[in-house]
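Down below is the structure, laid out as structure tokens.
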Amino acid sequence: MASVLVVEDDQFVRSALIRHLTEASHTVRSVGTALEALREVAHHRFDVVILDLGLPDLDGSEALKMLRGITDVPVIIATARDDEAEIVRLLNDGADDYLTKPFSVEHLSARMAAVLRRSQAAAAEPPSRVLRVGGLAIDPLRRQAELDGAVLDLTRREFDLLAFLAGRPGVVVARRELLAEVWQQSYGDDQTIDVHLSWLRRKLGETAARPRYLHTLRGVGVKLEPPR
């Protein structure tokens with residue numbers, strides 16, 4: 001099963017998570033602060049991190065950024081905050097998923113399973129060829145994208161979205177398919193996709209009103225194609 005790091009300062013919640021994950025045959029380590037979490041990730045290999053935002057030494061959003069600086073381990077945010085703008089920001093900052101407290105153990109298990117499937121599938125993929133669409137060059141193996149020779153500074157989710165669309169140049173991809181293939185979710189909020197597309201457009205030097213590569217067909221989906 002999976003090796004899990006639980007980062008949670010509430011002892012009651014922490015104990016419940018440890019008990020549930022252990023009963024599900026996962027190997028669990030737990031800490032109560034962000035700095036302890038960074039030390040754990042630096043010295044141990046984990047399959048997934050469950051990260052609380054309300055930590056005593058450092059806000060979980062800052063901890064997420066620090067984690068992303070040293071590891072690509074999947075991170076599931078566990079938070080009592082339900083502000084949509086903050087959740088979208090956390091996903092942009094590298095979170096793989098989130099759960100709003102209180103949540104059931106069944107919900108946690110389902111989200112963990114989806115994140116782990118995506119992570120394991122990515123690790124099992126053979127070396128991929130560089131995808132080229134116009135001046136874009138996307139290297140799935142190195143996880144690097146360039147536009148006209150300049151390296152693009154993309155978040156992990158932005159890269160996944162761009163690479164998925166680049167693998168289907170000129171094809172209109174439905175939002176439901178993007179949620180299933182890029183986010184590994186059978187349902188979700190279209191706004192999450194819109195936010196990532198907006199960030200991608202900005203980094204590609206275009207806008208929704210004046211697209212070059214990314215074209216949205218309202219009510220249908222999105223396609224990536226070279227500028228004409």
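In the structure tokens, the first chain shown is A, the next is B, and so on; residue numbers restart at 1 for each chain, and ligands run from 1 in the order shown.
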Name the residues in contact with Phe103 in chain A at a cut-off of 10 Å, using only C-alpha atoms, excluding same-chain residues fewer than 6 positions from it; report them as a list of chain:residue names.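 Counting only the stated atoms, we get A:Ala78, A:Thr79, A:Ala80.
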Would you mind exporting the chosen residues as a compact mmCIF listing (two decimals), in the first residue's frame, restricted to N, CA, C and O atoms?
# COMPACT_ATOMS: atom_id res chain seq x y z
N ALA A 78 -5.88 19.28 3.40
CA ALA A 78 -7.03 19.08 4.29
C ALA A 78 -7.26 20.39 5.02
O ALA A 78 -6.39 20.84 5.77
N THR A 79 -8.40 21.01 4.80
CA THR A 79 -8.61 22.34 5.34
C THR A 79 -10.05 22.58 5.78
O THR A 79 -10.98 21.99 5.21
N ALA A 80 -10.19 23.41 6.79
CA ALA A 80 -11.53 23.83 7.19
C ALA A 80 -11.98 25.05 6.40
O ALA A 80 -13.13 25.47 6.48
Each residue of range 99-118 of chain A with at least one atom at most 8 Å from range 160-184 of chain A should appear once, together with its nearest atom pair and the corresponding distance in Å (one decimal); atoms considered: only C-alpha atoms; ordering: chain, then increasing residue number; output as a Markdown table.
| residue | atom | partner | partner_atom | distance |
| --- | --- | --- | --- | --- |
| A:Ala114 | CA | A:Gln184 | CA | 6.2 |
| A:Val115 | CA | A:Gln184 | CA | 7.4 |
| A:Arg118 | CA | A:Gln184 | CA | 6.9 |
Kindly export the residues of the current selection with C-alpha atoms, as a compact mmCIF listing (two decimals), in the first residue's frame.
# COMPACT_ATOMS: atom_id res chain seq x y z
CA ALA A 114 -7.25 8.84 -7.43
CA VAL A 115 -4.05 10.76 -6.63
CA ARG A 118 -2.29 9.28 -11.36
Enter the distance from CA of Thr71 in chain A to CA of Leu55 in chain A, in Å, rounded to one decimal.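 Going from CA of Thr71 in chain A over to CA of Leu55 in chain A, I get 19.8 Å.
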All alpha helix (DSSP H) positions in range 5-227 of chain A, as JSON, numbers by chain: {"A": [11, 12, 13, 14, 15, 16, 17, 18, 19, 20, 21, 22, 23, 34, 35, 36, 37, 38, 39, 40, 41, 42, 43, 60, 61, 62, 63, 64, 65, 66, 67, 68, 69, 70, 84, 85, 86, 87, 88, 89, 90, 91, 92, 105, 106, 107, 108, 109, 110, 111, 112, 113, 114, 115, 116, 117, 118, 119, 120, 121, 122, 123, 124, 156, 157, 158, 159, 160, 161, 162, 163, 164, 165, 166, 175, 176, 177, 178, 179, 180, 181, 190, 191, 192, 193, 194, 195, 196, 197, 198, 199, 200, 201, 202, 203]}
Please produce a file of the residues just selected, as a JSON list (two decimals), in the first residue's frame, where the atoms kept are C-alpha atoms.
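Result went into part-v9.json, see below:
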[["chain", "number", "residue", "atom", "x", "y", "z"],
["A", 11, "GLN", "CA", -4.16, 15.66, 17.98],
["A", 12, "PHE", "CA", -7.72, 14.30, 17.73],
["A", 13, "VAL", "CA", -7.86, 14.63, 13.93],
["A", 14, "ARG", "CA", -4.29, 13.38, 13.61],
["A", 15, "SER", "CA", -5.00, 10.25, 15.66],
["A", 16, "ALA", "CA", -8.16, 9.52, 13.66],
["A", 17, "LEU", "CA", -6.30, 9.83, 10.37],
["A", 18, "ILE", "CA", -3.46, 7.63, 11.56],
["A", 19, "ARG", "CA", -5.90, 4.98, 12.79],
["A", 20, "HIS", "CA", -7.90, 4.94, 9.55],
["A", 21, "LEU", "CA", -4.86, 4.89, 7.26],
["A", 22, "THR", "CA", -3.16, 2.17, 9.31],
["A", 23, "GLU", "CA", -6.31, 0.04, 9.25],
["A", 34, "ALA", "CA", 5.47, 22.54, 8.73],
["A", 35, "LEU", "CA", 9.18, 22.42, 9.56],
["A", 36, "GLU", "CA", 8.87, 18.83, 10.77],
["A", 37, "ALA", "CA", 7.07, 17.99, 7.52],
["A", 38, "LEU", "CA", 9.91, 19.45, 5.45],
["A", 39, "ARG", "CA", 12.45, 17.41, 7.42],
["A", 40, "GLU", "CA", 10.41, 14.23, 6.95],
["A", 41, "VAL", "CA", 10.09, 14.73, 3.19],
["A", 42, "ALA", "CA", 13.81, 15.48, 2.92],
["A", 43, "HIS", "CA", 14.76, 12.24, 4.67],
["A", 60, "GLY", "CA", 0.04, 25.41, 5.16],
["A", 61, "SER", "CA", 0.01, 27.35, 1.88],
["A", 62, "GLU", "CA", 3.59, 28.47, 2.53],
["A", 63, "ALA", "CA", 4.50, 24.94, 3.55],
["A", 64, "LEU", "CA", 3.08, 23.70, 0.24],
["A", 65, "LYS", "CA", 5.36, 26.06, -1.71],
["A", 66, "MET", "CA", 8.38, 24.86, 0.28],
["A", 67, "LEU", "CA", 7.43, 21.22, -0.29],
["A", 68, "ARG", "CA", 7.15, 21.86, -4.01],
["A", 69, "GLY", "CA", 10.68, 23.26, -3.93],
["A", 70, "ILE", "CA", 12.14, 19.92, -2.84],
["A", 84, "GLU", "CA", -13.05, 29.02, -3.53],
["A", 85, "ALA", "CA", -10.42, 31.57, -4.54],
["A", 86, "GLU", "CA", -7.97, 30.18, -1.99],
["A", 87, "ILE", "CA", -8.61, 26.60, -3.06],
["A", 88, "VAL", "CA", -7.93, 27.52, -6.69],
["A", 89, "ARG", "CA", -4.73, 29.30, -5.61],
["A", 90, "LEU", "CA", -3.57, 26.21, -3.71],
["A", 91, "LEU", "CA", -4.18, 24.03, -6.77],
["A", 92, "ASN", "CA", -2.16, 26.52, -8.82],
["A", 105, "VAL", "CA", -12.77, 8.46, 5.77],
["A", 106, "GLU", "CA", -14.41, 7.08, 2.63],
["A", 107, "HIS", "CA", -14.02, 10.44, 0.89],
["A", 108, "LEU", "CA", -10.36, 10.62, 1.91],
["A", 109, "SER", "CA", -9.77, 7.07, 0.67],
["A", 110, "ALA", "CA", -11.33, 7.85, -2.71],
["A", 111, "ARG", "CA", -9.26, 11.02, -3.17],
["A", 112, "MET", "CA", -6.06, 9.24, -2.12],
["A", 113, "ALA", "CA", -6.76, 6.39, -4.54],
["A", 114, "ALA", "CA", -7.25, 8.84, -7.43],
["A", 115, "VAL", "CA", -4.05, 10.76, -6.63],
["A", 116, "LEU", "CA", -2.04, 7.55, -6.27],
["A", 117, "ARG", "CA", -3.38, 6.13, -9.55],
["A", 118, "ARG", "CA", -2.29, 9.28, -11.36],
["A", 119, "SER", "CA", 1.13, 9.26, -9.72],
["A", 120, "GLN", "CA", 1.73, 5.57, -10.43],
["A", 121, "ALA", "CA", 0.56, 5.90, -14.04],
["A", 122, "ALA", "CA", 2.97, 8.79, -14.61],
["A", 123, "ALA", "CA", 5.86, 6.83, -13.11],
["A", 124, "ALA", "CA", 5.09, 3.81, -15.32],
["A", 156, "ARG", "CA", 2.77, 20.98, -12.40],
["A", 157, "ARG", "CA", -0.94, 21.17, -13.27],
["A", 158, "GLU", "CA", -0.35, 23.77, -15.99],
["A", 159, "PHE", "CA", 2.25, 21.49, -17.55],
["A", 160, "ASP", "CA", -0.05, 18.46, -17.37],
["A", 161, "LEU", "CA", -2.86, 20.41, -19.03],
["A", 162, "LEU", "CA", -0.61, 21.79, -21.77],
["A", 163, "ALA", "CA", 0.97, 18.39, -22.45],
["A", 164, "PHE", "CA", -2.41, 16.67, -22.64],
["A", 165, "LEU", "CA", -3.73, 19.19, -25.16],
["A", 166, "ALA", "CA", -0.45, 19.15, -27.13],
["A", 175, "ARG", "CA", -14.05, 19.71, -20.19],
["A", 176, "ARG", "CA", -15.28, 16.42, -18.77],
["A", 177, "GLU", "CA", -12.36, 14.65, -20.43],
["A", 178, "LEU", "CA", -9.90, 17.22, -19.06],
["A", 179, "LEU", "CA", -11.24, 16.65, -15.55],
["A", 180, "ALA", "CA", -10.96, 12.88, -15.96],
["A", 181, "GLU", "CA", -7.52, 12.76, -17.59],
["A", 190, "ASP", "CA", -15.30, 24.23, -14.52],
["A", 191, "GLN", "CA", -13.78, 27.29, -12.87],
["A", 192, "THR", "CA", -10.71, 25.25, -11.97],
["A", 193, "ILE", "CA", -10.12, 24.54, -15.66],
["A", 194, "ASP", "CA", -10.79, 28.18, -16.56],
["A", 195, "VAL", "CA", -8.23, 29.40, -14.04],
["A", 196, "HIS", "CA", -5.53, 27.07, -15.35],
["A", 197, "LEU", "CA", -6.32, 28.03, -18.94],
["A", 198, "SER", "CA", -6.09, 31.69, -17.98],
["A", 199, "TRP", "CA", -2.67, 31.16, -16.40],
["A", 200, "LEU", "CA", -1.49, 29.19, -19.43],
["A", 201, "ARG", "CA", -2.67, 31.89, -21.82],
["A", 202, "ARG", "CA", -0.80, 34.52, -19.85],
["A", 203, "LYS", "CA", 2.41, 32.50, -20.06]]
Residues flagged strand (DSSP E or B) by DSSP in range 52-198 of chain A, as a PDB file with all heavy atoms, in the first residue's frame:
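Contents of result.pdb, freshly written:
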ATOM      1  N   ASP A  52      -2.467  19.734   6.412  1.00  0.00           N
ATOM      2  CA  ASP A  52      -3.398  20.681   7.021  1.00  0.00           C
ATOM      3  C   ASP A  52      -2.877  22.100   6.786  1.00  0.00           C
ATOM      4  O   ASP A  52      -1.667  22.326   6.753  1.00  0.00           O
ATOM      5  CB  ASP A  52      -3.505  20.397   8.524  1.00  0.00           C
ATOM      6  CG  ASP A  52      -4.388  21.396   9.243  1.00  0.00           C
ATOM      7  OD1 ASP A  52      -5.477  21.702   8.718  1.00  0.00           O
ATOM      8  OD2 ASP A  52      -3.986  21.878  10.308  1.00  0.00           O
ATOM      9  N   VAL A  75       0.341  15.961  -3.019  1.00  0.00           N
ATOM     10  CA  VAL A  75      -0.105  16.595  -1.782  1.00  0.00           C
ATOM     11  C   VAL A  75      -1.620  16.800  -1.831  1.00  0.00           C
ATOM     12  O   VAL A  75      -2.137  17.403  -2.775  1.00  0.00           O
ATOM     13  CB  VAL A  75       0.587  17.958  -1.561  1.00  0.00           C
ATOM     14  CG1 VAL A  75       0.026  18.647  -0.314  1.00  0.00           C
ATOM     15  CG2 VAL A  75       2.100  17.789  -1.442  1.00  0.00           C
ATOM     16  N   ILE A  76      -2.301  16.283  -0.809  1.00  0.00           N
ATOM     17  CA  ILE A  76      -3.733  16.514  -0.646  1.00  0.00           C
ATOM     18  C   ILE A  76      -3.910  17.495   0.508  1.00  0.00           C
ATOM     19  O   ILE A  76      -3.459  17.236   1.628  1.00  0.00           O
ATOM     20  CB  ILE A  76      -4.493  15.214  -0.341  1.00  0.00           C
ATOM     21  CG1 ILE A  76      -4.342  14.217  -1.504  1.00  0.00           C
ATOM     22  CG2 ILE A  76      -5.973  15.496  -0.081  1.00  0.00           C
ATOM     23  CD1 ILE A  76      -4.980  12.858  -1.230  1.00  0.00           C
ATOM     24  N   ILE A  77      -4.533  18.627   0.231  1.00  0.00           N
ATOM     25  CA  ILE A  77      -4.775  19.631   1.256  1.00  0.00           C
ATOM     26  C   ILE A  77      -6.012  19.246   2.070  1.00  0.00           C
ATOM     27  O   ILE A  77      -7.046  18.907   1.509  1.00  0.00           O
ATOM     28  CB  ILE A  77      -5.001  21.022   0.632  1.00  0.00           C
ATOM     29  CG1 ILE A  77      -3.745  21.484  -0.135  1.00  0.00           C
ATOM     30  CG2 ILE A  77      -5.384  22.035   1.707  1.00  0.00           C
ATOM     31  CD1 ILE A  77      -2.552  21.762   0.725  1.00  0.00           C
ATOM     32  N   ALA A  78      -5.881  19.283   3.396  1.00  0.00           N
ATOM     33  CA  ALA A  78      -7.027  19.076   4.285  1.00  0.00           C
ATOM     34  C   ALA A  78      -7.261  20.388   5.021  1.00  0.00           C
ATOM     35  O   ALA A  78      -6.394  20.844   5.766  1.00  0.00           O
ATOM     36  CB  ALA A  78      -6.733  17.951   5.278  1.00  0.00           C
ATOM     37  N   THR A  79      -8.398  21.009   4.804  1.00  0.00           N
ATOM     38  CA  THR A  79      -8.611  22.343   5.344  1.00  0.00           C
ATOM     39  C   THR A  79     -10.047  22.579   5.777  1.00  0.00           C
ATOM     40  O   THR A  79     -10.976  21.993   5.208  1.00  0.00           O
ATOM     41  CB  THR A  79      -8.223  23.412   4.301  1.00  0.00           C
ATOM     42  OG1 THR A  79      -8.541  24.704   4.790  1.00  0.00           O
ATOM     43  CG2 THR A  79      -8.981  23.188   2.999  1.00  0.00           C
ATOM     44  N   ASP A  97      -4.875  17.834  -4.808  1.00  0.00           N
ATOM     45  CA  ASP A  97      -6.300  17.732  -4.500  1.00  0.00           C
ATOM     46  C   ASP A  97      -6.530  18.394  -3.147  1.00  0.00           C
ATOM     47  O   ASP A  97      -5.578  18.792  -2.473  1.00  0.00           O
ATOM     48  CB  ASP A  97      -6.742  16.267  -4.455  1.00  0.00           C
ATOM     49  CG  ASP A  97      -8.220  16.091  -4.781  1.00  0.00           C
ATOM     50  OD1 ASP A  97      -8.967  17.093  -4.720  1.00  0.00           O
ATOM     51  OD2 ASP A  97      -8.627  14.958  -5.078  1.00  0.00           O
ATOM     52  N   TYR A  98      -7.772  18.516  -2.759  1.00  0.00           N
ATOM     53  CA  TYR A  98      -8.088  19.101  -1.467  1.00  0.00           C
ATOM     54  C   TYR A  98      -9.352  18.479  -0.907  1.00  0.00           C
ATOM     55  O   TYR A  98     -10.199  17.967  -1.644  1.00  0.00           O
ATOM     56  CB  TYR A  98      -8.259  20.628  -1.573  1.00  0.00           C
ATOM     57  CG  TYR A  98      -9.517  21.045  -2.300  1.00  0.00           C
ATOM     58  CD1 TYR A  98     -10.711  21.263  -1.605  1.00  0.00           C
ATOM     59  CD2 TYR A  98      -9.529  21.176  -3.680  1.00  0.00           C
ATOM     60  CE1 TYR A  98     -11.872  21.618  -2.276  1.00  0.00           C
ATOM     61  CE2 TYR A  98     -10.681  21.526  -4.358  1.00  0.00           C
ATOM     62  CZ  TYR A  98     -11.845  21.749  -3.646  1.00  0.00           C
ATOM     63  OH  TYR A  98     -12.993  22.076  -4.302  1.00  0.00           O
ATOM     64  N   LEU A  99      -9.458  18.517   0.414  1.00  0.00           N
ATOM     65  CA  LEU A  99     -10.654  18.071   1.115  1.00  0.00           C
ATOM     66  C   LEU A  99     -11.031  19.140   2.125  1.00  0.00           C
ATOM     67  O   LEU A  99     -10.163  19.673   2.819  1.00  0.00           O
ATOM     68  CB  LEU A  99     -10.387  16.750   1.848  1.00  0.00           C
ATOM     69  CG  LEU A  99     -10.289  15.486   0.985  1.00  0.00           C
ATOM     70  CD1 LEU A  99      -9.725  14.347   1.819  1.00  0.00           C
ATOM     71  CD2 LEU A  99     -11.646  15.109   0.449  1.00  0.00           C
ATOM     72  N   THR A 100     -12.312  19.466   2.207  1.00  0.00           N
ATOM     73  CA  THR A 100     -12.779  20.451   3.171  1.00  0.00           C
ATOM     74  C   THR A 100     -13.296  19.731   4.412  1.00  0.00           C
ATOM     75  O   THR A 100     -14.144  18.842   4.319  1.00  0.00           O
ATOM     76  CB  THR A 100     -13.901  21.317   2.564  1.00  0.00           C
ATOM     77  OG1 THR A 100     -13.413  21.954   1.385  1.00  0.00           O
ATOM     78  CG2 THR A 100     -14.342  22.386   3.550  1.00  0.00           C
ATOM     79  N   LEU A 131       6.736  16.829 -27.810  1.00  0.00           N
ATOM     80  CA  LEU A 131       5.540  17.235 -28.537  1.00  0.00           C
ATOM     81  C   LEU A 131       5.765  18.642 -29.080  1.00  0.00           C
ATOM     82  O   LEU A 131       6.194  19.538 -28.352  1.00  0.00           O
ATOM     83  CB  LEU A 131       4.329  17.221 -27.617  1.00  0.00           C
ATOM     84  CG  LEU A 131       4.031  15.888 -26.904  1.00  0.00           C
ATOM     85  CD1 LEU A 131       2.951  16.080 -25.849  1.00  0.00           C
ATOM     86  CD2 LEU A 131       3.617  14.827 -27.916  1.00  0.00           C
ATOM     87  N   ARG A 132       5.486  18.847 -30.362  1.00  0.00           N
ATOM     88  CA  ARG A 132       5.706  20.151 -30.979  1.00  0.00           C
ATOM     89  C   ARG A 132       4.418  20.638 -31.635  1.00  0.00           C
ATOM     90  O   ARG A 132       3.815  19.929 -32.446  1.00  0.00           O
ATOM     91  CB  ARG A 132       6.833  20.080 -32.018  1.00  0.00           C
ATOM     92  CG  ARG A 132       8.166  19.661 -31.404  1.00  0.00           C
ATOM     93  CD  ARG A 132       9.304  19.733 -32.403  1.00  0.00           C
ATOM     94  NE  ARG A 132      10.542  19.238 -31.819  1.00  0.00           N
ATOM     95  CZ  ARG A 132      11.363  19.951 -31.049  1.00  0.00           C
ATOM     96  NH1 ARG A 132      11.067  21.220 -30.794  1.00  0.00           N
ATOM     97  NH2 ARG A 132      12.456  19.428 -30.549  1.00  0.00           N
ATOM     98  N   VAL A 133       4.027  21.847 -31.253  1.00  0.00           N
ATOM     99  CA  VAL A 133       2.858  22.493 -31.839  1.00  0.00           C
ATOM    100  C   VAL A 133       3.267  23.939 -32.116  1.00  0.00           C
ATOM    101  O   VAL A 133       3.406  24.735 -31.186  1.00  0.00           O
ATOM    102  CB  VAL A 133       1.636  22.460 -30.892  1.00  0.00           C
ATOM    103  CG1 VAL A 133       0.442  23.136 -31.546  1.00  0.00           C
ATOM    104  CG2 VAL A 133       1.297  21.028 -30.496  1.00  0.00           C
ATOM    105  N   LEU A 136       5.745  25.814 -29.870  1.00  0.00           N
ATOM    106  CA  LEU A 136       5.763  25.117 -28.585  1.00  0.00           C
ATOM    107  C   LEU A 136       6.501  23.786 -28.703  1.00  0.00           C
ATOM    108  O   LEU A 136       6.312  23.045 -29.672  1.00  0.00           O
ATOM    109  CB  LEU A 136       4.339  24.841 -28.103  1.00  0.00           C
ATOM    110  CG  LEU A 136       3.590  25.958 -27.394  1.00  0.00           C
ATOM    111  CD1 LEU A 136       2.116  25.579 -27.225  1.00  0.00           C
ATOM    112  CD2 LEU A 136       4.214  26.245 -26.043  1.00  0.00           C
ATOM    113  N   ALA A 137       7.325  23.488 -27.693  1.00  0.00           N
ATOM    114  CA  ALA A 137       7.993  22.189 -27.591  1.00  0.00           C
ATOM    115  C   ALA A 137       7.786  21.697 -26.165  1.00  0.00           C
ATOM    116  O   ALA A 137       8.233  22.342 -25.215  1.00  0.00           O
ATOM    117  CB  ALA A 137       9.468  22.311 -27.912  1.00  0.00           C
ATOM    118  N   ILE A 138       7.109  20.566 -26.017  1.00  0.00           N
ATOM    119  CA  ILE A 138       6.794  20.030 -24.695  1.00  0.00           C
ATOM    120  C   ILE A 138       7.482  18.681 -24.550  1.00  0.00           C
ATOM    121  O   ILE A 138       7.235  17.765 -25.338  1.00  0.00           O
ATOM    122  CB  ILE A 138       5.268  19.877 -24.486  1.00  0.00           C
ATOM    123  CG1 ILE A 138       4.588  21.258 -24.559  1.00  0.00           C
ATOM    124  CG2 ILE A 138       4.964  19.235 -23.158  1.00  0.00           C
ATOM    125  CD1 ILE A 138       3.927  21.521 -25.874  1.00  0.00           C
ATOM    126  N   ASP A 139       8.356  18.576 -23.540  1.00  0.00           N
ATOM    127  CA  ASP A 139       9.086  17.341 -23.278  1.00  0.00           C
ATOM    128  C   ASP A 139       8.475  16.675 -22.044  1.00  0.00           C
ATOM    129  O   ASP A 139       8.759  17.084 -20.911  1.00  0.00           O
ATOM    130  CB  ASP A 139      10.563  17.653 -23.023  1.00  0.00           C
ATOM    131  CG  ASP A 139      11.411  16.390 -22.922  1.00  0.00           C
ATOM    132  OD1 ASP A 139      10.850  15.332 -22.586  1.00  0.00           O
ATOM    133  OD2 ASP A 139      12.622  16.478 -23.170  1.00  0.00           O
ATOM    134  N   GLN A 144       9.350  19.678 -19.226  1.00  0.00           N
ATOM    135  CA  GLN A 144       9.757  21.035 -19.585  1.00  0.00           C
ATOM    136  C   GLN A 144       9.051  21.464 -20.855  1.00  0.00           C
ATOM    137  O   GLN A 144       8.893  20.681 -21.791  1.00  0.00           O
ATOM    138  CB  GLN A 144      11.272  21.095 -19.788  1.00  0.00           C
ATOM    139  CG  GLN A 144      11.791  22.476 -20.177  1.00  0.00           C
ATOM    140  CD  GLN A 144      13.301  22.540 -20.192  1.00  0.00           C
ATOM    141  OE1 GLN A 144      13.960  22.381 -19.161  1.00  0.00           O
ATOM    142  NE2 GLN A 144      13.880  22.767 -21.362  1.00  0.00           N
ATOM    143  N   ALA A 145       8.628  22.703 -20.881  1.00  0.00           N
ATOM    144  CA  ALA A 145       7.961  23.254 -22.063  1.00  0.00           C
ATOM    145  C   ALA A 145       8.670  24.533 -22.482  1.00  0.00           C
ATOM    146  O   ALA A 145       9.086  25.335 -21.634  1.00  0.00           O
ATOM    147  CB  ALA A 145       6.486  23.540 -21.770  1.00  0.00           C
ATOM    148  N   GLU A 146       8.807  24.710 -23.790  1.00  0.00           N
ATOM    149  CA  GLU A 146       9.441  25.909 -24.325  1.00  0.00           C
ATOM    150  C   GLU A 146       8.531  26.551 -25.363  1.00  0.00           C
ATOM    151  O   GLU A 146       7.797  25.858 -26.074  1.00  0.00           O
ATOM    152  CB  GLU A 146      10.786  25.564 -24.984  1.00  0.00           C
ATOM    153  CG  GLU A 146      11.820  25.005 -24.030  1.00  0.00           C
ATOM    154  CD  GLU A 146      13.138  24.688 -24.732  1.00  0.00           C
ATOM    155  OE1 GLU A 146      13.210  24.895 -25.981  1.00  0.00           O
ATOM    156  OE2 GLU A 146      14.071  24.230 -24.065  1.00  0.00           O
ATOM    157  N   LEU A 147       8.585  27.857 -25.430  1.00  0.00           N
ATOM    158  CA  LEU A 147       7.873  28.616 -26.451  1.00  0.00           C
ATOM    159  C   LEU A 147       8.890  29.453 -27.205  1.00  0.00           C
ATOM    160  O   LEU A 147       9.547  30.318 -26.618  1.00  0.00           O
ATOM    161  CB  LEU A 147       6.813  29.515 -25.825  1.00  0.00           C
ATOM    162  CG  LEU A 147       6.067  30.439 -26.797  1.00  0.00           C
ATOM    163  CD1 LEU A 147       5.318  29.632 -27.859  1.00  0.00           C
ATOM    164  CD2 LEU A 147       5.096  31.346 -26.033  1.00  0.00           C
ATOM    165  N   ALA A 150      12.261  29.651 -25.528  1.00  0.00           N
ATOM    166  CA  ALA A 150      12.324  30.140 -24.148  1.00  0.00           C
ATOM    167  C   ALA A 150      11.561  29.180 -23.230  1.00  0.00           C
ATOM    168  O   ALA A 150      10.421  28.801 -23.531  1.00  0.00           O
ATOM    169  CB  ALA A 150      11.730  31.536 -24.040  1.00  0.00           C
ATOM    170  N   VAL A 151      12.186  28.793 -22.120  1.00  0.00           N
ATOM    171  CA  VAL A 151      11.561  27.865 -21.188  1.00  0.00           C
ATOM    172  C   VAL A 151      10.388  28.541 -20.479  1.00  0.00           C
ATOM    173  O   VAL A 151      10.510  29.677 -20.007  1.00  0.00           O
ATOM    174  CB  VAL A 151      12.580  27.364 -20.142  1.00  0.00           C
ATOM    175  CG1 VAL A 151      11.902  26.473 -19.107  1.00  0.00           C
ATOM    176  CG2 VAL A 151      13.713  26.605 -20.829  1.00  0.00           C
ATOM    177  N   VAL A 173     -11.109  19.129 -27.017  1.00  0.00           N
ATOM    178  CA  VAL A 173     -11.201  18.223 -25.869  1.00  0.00           C
ATOM    179  C   VAL A 173     -12.274  18.742 -24.915  1.00  0.00           C
ATOM    180  O   VAL A 173     -12.216  19.897 -24.482  1.00  0.00           O
ATOM    181  CB  VAL A 173      -9.849  18.112 -25.144  1.00  0.00           C
ATOM    182  CG1 VAL A 173      -9.957  17.144 -23.963  1.00  0.00           C
ATOM    183  CG2 VAL A 173      -8.756  17.662 -26.107  1.00  0.00           C
TER     184      VAL A 173
END
note - CA of Arg29 in chain A and CA of Val4 in chain A are separated by 6.4 Å
Pick out the closest residue to Asp57 in chain A from this set: A:Gly94, A:Gly219, A:Pro226, A:Gly32. Count only C-alpha atoms.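 For Asp57 in chain A, the nearest of the candidates is A:Gly32.
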